[in-house]
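With compact mmCIF, C-alpha atoms inside, this is data-v1.txt:
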```txt
# COMPACT_ATOMS: atom_id res chain seq x y z
CA MET A 1374 77.16 105.79 92.80
CA VAL A 1375 77.62 102.04 92.35
CA LEU A 1376 75.21 99.40 93.67
CA ILE A 1377 76.98 96.60 95.54
CA ASN A 1378 74.98 93.91 93.72
CA HIS A 1379 76.35 95.13 90.34
CA LEU A 1380 79.95 95.10 91.50
CA HIS A 1381 80.69 91.51 90.43
CA LYS A 1382 80.00 92.41 86.79
CA MET A 1383 82.01 95.63 86.95
CA VAL A 1384 85.21 94.06 88.32
CA GLU A 1385 85.33 91.61 85.40
CA ARG A 1386 86.33 94.51 83.13
CA GLY A 1387 89.91 94.49 84.41
CA LEU A 1388 91.95 97.06 86.33
CA PHE A 1389 90.15 99.11 89.01
CA SER A 1390 90.67 101.01 92.27
CA ILE A 1391 88.90 100.08 95.49
CA SER A 1392 88.51 101.29 99.08
CA PHE A 1393 87.25 99.11 101.90
CA VAL A 1394 87.15 99.01 105.69
CA ALA A 1395 89.56 96.53 107.32
CA GLU A 1396 88.76 94.56 110.50
CA SER A 1397 90.69 97.16 112.51
CA GLY A 1398 88.39 99.92 111.22
CA GLU A 1399 91.10 101.40 109.00
CA VAL A 1400 90.06 102.43 105.48
CA ILE A 1401 92.31 100.73 102.92
CA HIS A 1402 92.75 102.38 99.50
CA ILE A 1403 94.13 100.30 96.64
CA LYS A 1404 94.75 102.20 93.41
CA GLU A 1405 95.48 99.35 91.00
CA CYS A 1406 94.04 95.86 91.37
CA ILE A 1407 92.16 93.14 89.53
CA CYS A 1408 89.62 90.61 90.77
CA THR A 1409 90.94 87.05 90.71
CA SER A 1410 87.80 85.29 92.07
CA TRP A 1411 84.51 85.52 93.99
CA HIS A 1412 83.73 83.19 96.91
CA SER A 1413 80.87 82.20 99.23
CA GLU A 1414 78.07 83.11 96.84
CA GLY A 1415 79.60 86.53 96.24
CA ARG A 1416 80.26 87.50 99.87
CA THR A 1417 84.03 87.79 99.41
CA MET A 1418 86.35 88.44 96.54
CA ASN A 1419 90.06 87.94 96.03
CA ILE A 1420 91.92 90.86 94.53
CA LYS A 1421 95.44 91.01 93.20
CA ILE A 1422 97.21 94.27 94.03
CA ILE A 1423 99.15 95.10 90.85
CA PRO A 1424 102.19 97.00 92.21
CA SER A 1425 103.03 94.37 94.86
CA ASN A 1426 101.44 91.22 93.34
CA ASP A 1427 99.83 90.51 96.74
CA ILE A 1428 96.50 88.67 96.89
CA ARG A 1429 93.95 89.90 99.42
CA THR A 1430 90.46 88.69 100.35
CA VAL A 1431 87.87 91.45 100.75
CA ARG A 1432 84.35 91.06 102.14
CA ARG A 1433 81.93 92.64 99.70
CA CYS A 1434 79.95 94.42 102.44
CA THR A 1435 83.08 96.38 103.52
CA ILE A 1436 83.68 98.02 100.12
CA ILE A 1437 82.97 101.76 100.25
CA ASN A 1438 84.44 103.00 96.92
CA TYR A 1439 84.95 101.53 93.47
CA ASN A 1440 86.88 103.60 90.90
CA ASP A 1441 86.35 106.70 93.08
CA GLU A 1442 82.58 106.22 93.16
CA GLU A 1443 80.68 105.57 96.37
CA VAL A 1444 79.34 102.03 96.76
CA MET A 1445 75.79 101.68 98.06
CA LEU A 1446 74.38 98.53 99.70
```
Write out the structure in this file as C-alpha cells.
Amino acid sequence: MVLINHLHKMVERGLFSISFVAESGEVIHIKECICTSWHSEGRTMNIKIIPSNDIRTVRRCTIINYNDEEVML
C-alpha cells in the first residue's frame, strides 16, 4: 500500500505504472509513464505516457494504483 502524500517522492524515481479514475468514472490504466511536473501545491501532476508520448494531467486524489500497489489517501 502506498500513501498518497508519499507519491510525489516515488514518481521522481523514473518509469512507473499508474491507475486513476477519469471524470467519466472510467478507470484508466497506464503501464509506462513518467512524471513531468507537479502543479497546484501537489494537487495535480503531468505524466508523459511513454508508448504514445502523450502528456496528461492527473488529479492526485483520483489515483488508485501506483506500480500495482493500492494508493491510500
Next on the checklist: Between CA of Met1374 in chain A and CA of Asp1427 in chain A, what distance in Å does the model show, to one decimal?
Outcome noted: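 These two atoms are separated by 27.6 Å.
Using all atoms listed in the file, the contacts of His1381 in chain A at a cut-off of 12 Å, with sequence neighbours closer than 4 positions omitted, comprise Val1375, Leu1376, Ile1377, Glu1385, Arg1386, Gly1387, Ile1407, Cys1408, Thr1409, Ser1410, Trp1411, His1412, Glu1414, Gly1415, Arg1416, Thr1417, Met1418, Asn1419, Ile1420, Arg1433 and Tyr1439 of chain A.
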- Using all atoms listed in the file, can you list as a list in words the residues within 12 Å of (80.8, 104.1, 101.1)?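 Residues with an atom close enough to that point: Met1374, Val1375, Leu1376, Ile1377, Ile1391, Ser1392, Phe1393, Val1394, Val1400, Arg1433, Cys1434, Thr1435, Ile1436, Ile1437, Asn1438, Tyr1439, Asn1440, Asp1441, Glu1442, Glu1443, Val1444, Met1445 and Leu1446 of chain A.
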If I take CA of His1379 in chain A and CA of Ser1425 in chain A, how far is one from the other in Å, to one decimal?
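We find that CA of His1379 in chain A and CA of Ser1425 in chain A lie 27.1 Å from each other.
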* **Interatomic distance, CA of Thr1430 in chain A to CA of Val1384 in chain A (Å, one decimal)** =>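 Separation between CA of Thr1430 in chain A and CA of Val1384 in chain A: 14.2 Å.
Using only C-alpha atoms, the smallest distance between any of A:Asn1378, A:Cys1406, A:Asn1426, A:Ser1413 and Ser1390 in chain A comes from A:Cys1406.
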